[in-house]
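Engineer: Okay, handing you the structure first.
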Amino acid sequence: MQKDQMKFITVKNYLAQNNSYLLFLDKSFSHIKNLDQTIELNNDFFILCNNFSKNTELELYITLNDFFNNHQLFPYDETDIRIPIKVLLSMATSVIPLMNSIGNIPISFFIIHSAIDYGVSLHIPHHTYHYNIQNTLICLFEIQKMVPDKIDNYFCIFLTYMILYAKKYSTDYHLVNDLIYNIRQVPSLLESISIEYFYHFLCQVLDWCYDNKHNDFETFFYILDNIRKSANDETTDIAIELCLFRYRSMVDENYDYKALEEFYVKNKEDIRLIDKLRVLSELFLKLDRDTYLHLFSDEIAKLDTNDLIQMIEDIHPNVFSAYLINLAFYKNEDFLNFLHITYGCPSDILKMTAIYIHSNNATYILEKSINKLDISDYDLHFNIIQYINEINNLGITVFGESIEQKLSAKYQAHRENKPDEKYKTIEIKLIESIEKYYFIHAHTFDDSIKFILPMQQIRVPLQQLLFKKYNKLFPIIKIVDKEVIPEKKLEKVIHVVLSVSGTLDQEKEVIEYLNTLTDNIEFEYKYIDNFEELLSILKSDIYTVISITTHGEVDTRNPLNNVIKVGNEQIPWYLFEPNTYNLNNQRLLYLNICDSGHFSLKNGFILESFSTYLTNSNQATVSHMWPVKQDYSSTFLMIFLHHLISASSFKEAYTSTLSLAIDDRFDSYIRYNNLEDIELFKIFQNASLYKKSITHWGSLLYQE
């Protein structure tokens with residue numbers, strides 16, 4: 001693209017394209033006095049970017065992306081002027097939400113991987129770039145040549161958060177690998193970006209290369225070392241030196257951690273917090289645990305709890321992982337007090353919770369005491385991830401293993417996360433590995449344990465395996481401001497169907513039949529194709545159980561595309577606003593929806609899923625971590641509703657139903673209760689389903 005081609009359409013012409021975006025765009029561009037002027041890549045345009053970068057609302061970013069995605073002004077070509085507008089404004093608009101919203105649990109899992117993905121095929125002579133990351137970088141490279149002093153900030157923030165996202169969700173090795181490859185093809189870019197901005201990005205690259213044993217680790221280490229030698233700002237110089245200290249042991253076999261300690265003591269007043277925490281982690285791991293573990297605690301005690309949760313769950317989980325494990329193992333009471341203060345979970349509830357932590361070939365199980373259980377099979381973690389990838393066609397990678405796993409599952413947009421029954425043998429191996437990894441048979445809980453809380457979670461059916469051993473349900477606890485609330489009395493149950501499905505009529509028949517069996521519980525069936533009507537039911541406090549059947553889908557590369565179907569509409573998860581539900585006693589929300597309990601491999605204590613979003617002390621949830629066979633999932637739900645008639649609580653009914661599923665006794669239950677003539681159960685009995693499959697049907701998740 002030549003400079004004279006990099007002109008921008010006037011704002012007035014943008015506004016004229018579609019009236020529904022008029023107010024949004026008018027507000028966004030209101031600082032420009034003359035809407036007829038053509039905006040070039042000059043100060044006017046970067047004033048616009050700066051104004052957008054002050055945005056604090058995720059919705060503004062979403063609307064902007066909708067505008068660019070849905071309203072073409074003219075056909076694409078290699079000089080399409082909307083590309084740099086889109087890239088720069090989207091990057092600028094996303095900065096504050098990325099920084100401030102990640103730790104805000106209601107919208108944490110909607111933060112924007114889609115900032116990378118613009119769906120644009122950009123044609124450069126002799127090359128067609130198919131990867132969107134390449135398209136984006138090419139645009140940025142061209143812009144950067146013309147206005148390097150203006151683009152640095154947006155460019156580096158964009159790339160830094162892109163890697164943070166990839167590290168957080170561990171789902172795409174190629175995303176960052178392609179980024180590194182493309183950046184290295186443009187040496188002038190590395191040379192021209194200012195140290196202040198480039199340093200933060202390069203630290204993330206080094207972290208990622210280290211975690212994934214990437215071939216370019218030493219290259220970027222020495223690039224950073226060269227930057228340090230030319231740095232003029234003392235604070236930046238200290239920060240770079242600390243980053244180099246973290247990795248010097250990887251390139252220097254004679255590295256002495258005493259040198260790091262001396263540097264820290266000399267410069268600690270000038271070290272920014274996150275760098276200080278990284279240093280303290282190294283020092284308590286390598287030199288003096290008690291002293292530096294205590295100093296780490298002192299530093300984070302100064303933080304606002306929301307900021308601290310944000311750092312643990314999203315921004316810097318690896319920094320806190322070693323601290324939390326060591327605190328839990330060596331200072332158990334301090335660890336529980338930390339969870340109590342940070343997440344607002346009462347100490348008495350934490351004492352009823354078994355906490356799973358994994359590190360360095362060991363499983364730690366915290367309950368009345370802490371148990372460190374050594375994993376003799378060093379390949380277990382790798383194997384579990386590999387089996388999950390194969391069964392669900394995913395590409396999850398984990399620390400130190402992605403060099404082997406990155407080619408294990410090619411991304412296919414319409415195939416990802418859809419289990420295939422041909423993997424029965426792999427499922428058996430997966431279950432055996434999980435049992436060993438979590439020491440299901442080698443460890444016995446204290447009788448007082450009521451909940452489980454996995455840290456550094458893997459998406460596995462842990463609850464079902466614990467149920468098989470104990471015949472007891474251990475809900476996964478949502479520890480944020482947790483209270484133990486009495487269950488609502490079993491009086492009214494509503495089953496809501498939100499979209500046309502193969503079991504719609506059969507489910508209605510079951511609900512009508514259940515109403516003939518009891519006068520104590522009212523069963524209601526409702527087909528809804530209106531989102532507002534669904535919200536009115538969710539906000540109501542008259543129901544003990546609300547069950548919902550519809551289609552759901554998760555996009556691991558673009559959480560904004562995580563949706564459920566209502567009528568003919570695809571409704572994004574973030575529109576459900578659970579904080580507006582006014583509930584008294586605890587009810588159950590049963591989500592018979594594929595992927596509704598889906599969460600990615602991550603550190604921290606909070607599962608990022610639709611079910612977690614809707615779980616609170618007043619509302620327990622049942623959900624599915626993976627897509628499931630509809631005949632089976634609907635049968636499970638309807639047998640659960642049948643159990644409600646004779647149960648004293650919804651938890652008792654769910655536990656009884658889970659027991660039947662675990663033991664593969666649904667067919668005998670249907671016969672014993674004379675349910676064979678009901679169409680849904682007739683289909684189930686005749687179906688060639690793998691009814692013992694925990695990963696396919698049993699990916700159920702009970703949370704409260």
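Ordering of the structure tokens sets the chain letters (A, B, ...), residue numbers begin anew at 1 in every chain, and ligands are numbered from 1 in the order given.
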Which parts of segment 448-669 of chain A does DSSP call strand (DSSP E or B) when run on the backbone here, written out as an MDAnalysis selection string?
Structural biologist: chainID A and resid 451:454 457 476 487 492:497 522:527 545:549 552:553 563:566 569:572 586:592 602 616 619:624
Engineer: DSSP on the backbone, then: every residue of segment 223-267 of chain A marked helix (DSSP H, G or I), written as a PyMOL selection string.
Structural biologist: chain A and resi 223-230+234-251+257-267
Engineer: Now that the selection is made, can you save its residues with C-alpha atoms as a PDB file, in the first residue's frame?
Structural biologist:
ATOM      1  CA  ILE A 223      17.467  -9.466  21.251  1.00  0.00           C
ATOM      2  CA  LEU A 224      16.338  -8.416  24.720  1.00  0.00           C
ATOM      3  CA  ASP A 225      19.931  -8.458  25.948  1.00  0.00           C
ATOM      4  CA  ASN A 226      20.905  -6.088  23.133  1.00  0.00           C
ATOM      5  CA  ILE A 227      17.982  -3.812  24.010  1.00  0.00           C
ATOM      6  CA  ARG A 228      19.195  -3.706  27.619  1.00  0.00           C
ATOM      7  CA  LYS A 229      22.620  -2.566  26.486  1.00  0.00           C
ATOM      8  CA  SER A 230      21.107   0.368  24.610  1.00  0.00           C
ATOM      9  CA  GLU A 234      16.916   3.355  34.426  1.00  0.00           C
ATOM     10  CA  THR A 235      13.510   1.865  35.245  1.00  0.00           C
ATOM     11  CA  THR A 236      13.283   0.146  31.855  1.00  0.00           C
ATOM     12  CA  ASP A 237      16.850  -1.062  32.239  1.00  0.00           C
ATOM     13  CA  ILE A 238      16.018  -2.649  35.616  1.00  0.00           C
ATOM     14  CA  ALA A 239      12.910  -4.310  34.201  1.00  0.00           C
ATOM     15  CA  ILE A 240      14.817  -5.755  31.248  1.00  0.00           C
ATOM     16  CA  GLU A 241      17.613  -6.938  33.510  1.00  0.00           C
ATOM     17  CA  LEU A 242      15.104  -8.755  35.702  1.00  0.00           C
ATOM     18  CA  CYS A 243      13.553 -10.428  32.668  1.00  0.00           C
ATOM     19  CA  LEU A 244      16.992 -11.572  31.578  1.00  0.00           C
ATOM     20  CA  PHE A 245      17.717 -12.861  35.078  1.00  0.00           C
ATOM     21  CA  ARG A 246      14.650 -15.096  34.855  1.00  0.00           C
ATOM     22  CA  TYR A 247      15.974 -16.822  31.769  1.00  0.00           C
ATOM     23  CA  ARG A 248      19.716 -16.566  32.225  1.00  0.00           C
ATOM     24  CA  SER A 249      19.752 -20.017  33.793  1.00  0.00           C
ATOM     25  CA  MET A 250      18.467 -21.365  30.452  1.00  0.00           C
ATOM     26  CA  VAL A 251      21.455 -20.053  28.503  1.00  0.00           C
ATOM     27  CA  TYR A 257      20.825 -17.193  41.934  1.00  0.00           C
ATOM     28  CA  LYS A 258      22.780 -15.190  44.489  1.00  0.00           C
ATOM     29  CA  ALA A 259      23.366 -12.636  41.734  1.00  0.00           C
ATOM     30  CA  LEU A 260      19.605 -12.261  41.314  1.00  0.00           C
ATOM     31  CA  GLU A 261      19.204 -11.824  45.071  1.00  0.00           C
ATOM     32  CA  GLU A 262      21.864  -9.098  45.172  1.00  0.00           C
ATOM     33  CA  PHE A 263      20.261  -7.292  42.220  1.00  0.00           C
ATOM     34  CA  TYR A 264      16.847  -7.466  43.903  1.00  0.00           C
ATOM     35  CA  VAL A 265      18.080  -6.133  47.252  1.00  0.00           C
ATOM     36  CA  LYS A 266      19.854  -3.252  45.514  1.00  0.00           C
ATOM     37  CA  ASN A 267      16.953  -2.223  43.239  1.00  0.00           C
TER      38      ASN A 267
END
Engineer: Hey, which of A:Leu430, A:Leu327, A:Leu308, A:Ile163 ends up closest to Asp290 of chain A? Count only C-alpha atoms.
Structural biologist: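 Looking only at the distances to Asp290 of chain A, the closest residue turns out to be A:Leu327.
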Engineer: Need the shell around Ile452 of chain A: protein/DNA/RNA residues with any atom at most 12 Å away, counting only C-alpha atoms. Skip same-chain ones fewer than 3 positions apart. Format as a VMD selection string?
Structural biologist: chain A and resid 349 to 357 365 to 367 438 445 448 to 449 455 457 462 to 463 466 to 467 472 to 479 605 701 to 704
Engineer: Write to file, as an mmCIF file, in the first residue's frame, the residues of the selection just made, with C-alpha atoms.
Structural biologist:
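The resulting file, again_32.cif, is reproduced below:
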data_model
loop_
_atom_site.group_PDB
_atom_site.id
_atom_site.type_symbol
_atom_site.label_atom_id
_atom_site.label_comp_id
_atom_site.auth_asym_id
_atom_site.auth_seq_id
_atom_site.Cartn_x
_atom_site.Cartn_y
_atom_site.Cartn_z
ATOM 1 C CA ILE A 349 -16.839 -23.595 53.886
ATOM 2 C CA LEU A 350 -13.213 -23.826 52.802
ATOM 3 C CA LYS A 351 -12.647 -26.391 55.551
ATOM 4 C CA MET A 352 -15.369 -28.514 53.909
ATOM 5 C CA THR A 353 -13.632 -28.258 50.526
ATOM 6 C CA ALA A 354 -11.030 -30.588 49.000
ATOM 7 C CA ILE A 355 -8.656 -28.509 46.876
ATOM 8 C CA TYR A 356 -6.690 -30.191 44.081
ATOM 9 C CA ILE A 357 -3.387 -28.676 42.959
ATOM 10 C CA ILE A 365 -4.953 -32.599 47.888
ATOM 11 C CA LEU A 366 -5.819 -30.116 50.627
ATOM 12 C CA GLU A 367 -8.530 -30.936 53.131
ATOM 13 C CA TYR A 438 -6.203 -37.392 40.805
ATOM 14 C CA PHE A 445 -11.566 -37.946 51.771
ATOM 15 C CA SER A 448 -16.579 -33.690 56.418
ATOM 16 C CA ILE A 449 -15.725 -32.852 52.779
ATOM 17 C CA MET A 455 -6.718 -25.360 40.771
ATOM 18 C CA GLN A 457 -7.997 -27.257 35.950
ATOM 19 C CA LEU A 462 -13.688 -35.585 38.076
ATOM 20 C CA GLN A 463 -17.086 -35.453 39.797
ATOM 21 C CA LEU A 466 -15.405 -39.359 42.750
ATOM 22 C CA PHE A 467 -19.075 -40.351 42.698
ATOM 23 C CA LYS A 472 -21.675 -39.024 46.915
ATOM 24 C CA LEU A 473 -21.920 -35.814 44.916
ATOM 25 C CA PHE A 474 -19.114 -33.296 45.463
ATOM 26 C CA PRO A 475 -20.186 -30.034 43.772
ATOM 27 C CA ILE A 476 -17.471 -27.866 42.280
ATOM 28 C CA ILE A 477 -17.619 -24.802 44.473
ATOM 29 C CA LYS A 478 -17.696 -21.271 43.121
ATOM 30 C CA ILE A 479 -15.694 -19.662 45.898
ATOM 31 C CA PHE A 605 -9.789 -21.262 40.865
ATOM 32 C CA LEU A 701 -20.833 -30.577 35.831
ATOM 33 C CA TYR A 702 -22.686 -29.755 39.062
ATOM 34 C CA GLN A 703 -21.678 -26.392 40.538
ATOM 35 C CA GLU A 704 -22.834 -24.309 43.471
#
Engineer: What is the distance, in Å and to one decimal place, between atom CA of Ser321 of chain A and atom CA of Asn603 of chain A?
Structural biologist: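 Calculated distance between atom CA of Ser321 of chain A and atom CA of Asn603 of chain A is 7.2 Å.
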Engineer: If you count only C-alpha atoms, which residues fall within 8 Å of Ser623 of chain A, apart from same-chain ones fewer than 5 positions away, as a list in words?
Structural biologist: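 What passes the distance filter is Tyr590, Leu591, Asn592, Ile593, Cys594, Asp595, Ser596, Gly597, Ser611, Leu700, Leu701 and Tyr702 of chain A.
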Engineer: Under the rule that only C-alpha atoms are counted, which of A:Lys565, A:Lys429, A:His358, A:Lys268 is the nearest residue to Asp529 of chain A?
Structural biologist: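 Of all the options, A:Lys565 lies closest to Asp529 of chain A.
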Engineer: Pick the closest to Glu532 of chain A from A:Val622, A:Leu394, A:Leu159, A:Leu575: which is it, counting only C-alpha atoms?
Structural biologist: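 For Glu532 of chain A, the nearest of the candidates is A:Leu575.
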Engineer: Name all residues at most 9 Å from Phe329 of chain A (count only C-alpha atoms; drop same-chain ones fewer than 5 positions away) and give them as a PyMOL selection string.
Structural biologist: chain A and resi 324+335+364+366+370-372
Engineer: Now that the selection is made, can you save its residues with C-alpha atoms as a PDB file, in the first residue's frame?
Structural biologist:
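Final output, saved to part_32.pdb:
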ATOM      1  CA  LEU A 324      -0.055 -20.654  45.864  1.00  0.00           C
ATOM      2  CA  PHE A 335      -3.372 -20.402  52.240  1.00  0.00           C
ATOM      3  CA  TYR A 364      -1.570 -31.995  46.267  1.00  0.00           C
ATOM      4  CA  LEU A 366      -5.819 -30.116  50.627  1.00  0.00           C
ATOM      5  CA  ILE A 370      -2.378 -31.440  52.923  1.00  0.00           C
ATOM      6  CA  ASN A 371      -1.384 -34.581  51.074  1.00  0.00           C
ATOM      7  CA  LYS A 372       1.403 -34.549  48.543  1.00  0.00           C
TER       8      LYS A 372
END
Engineer: Do you have the atom CA of Gln685 of chain A-atom CA of Leu465 of chain A distance handy?
Structural biologist: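 Result for atom CA of Gln685 of chain A versus atom CA of Leu465 of chain A: 24.6 Å, one decimal.
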Engineer: Quick one, how far is atom CA of Ile388 of chain A from atom CA of His624 of chain A?
Structural biologist: 15.0 Å
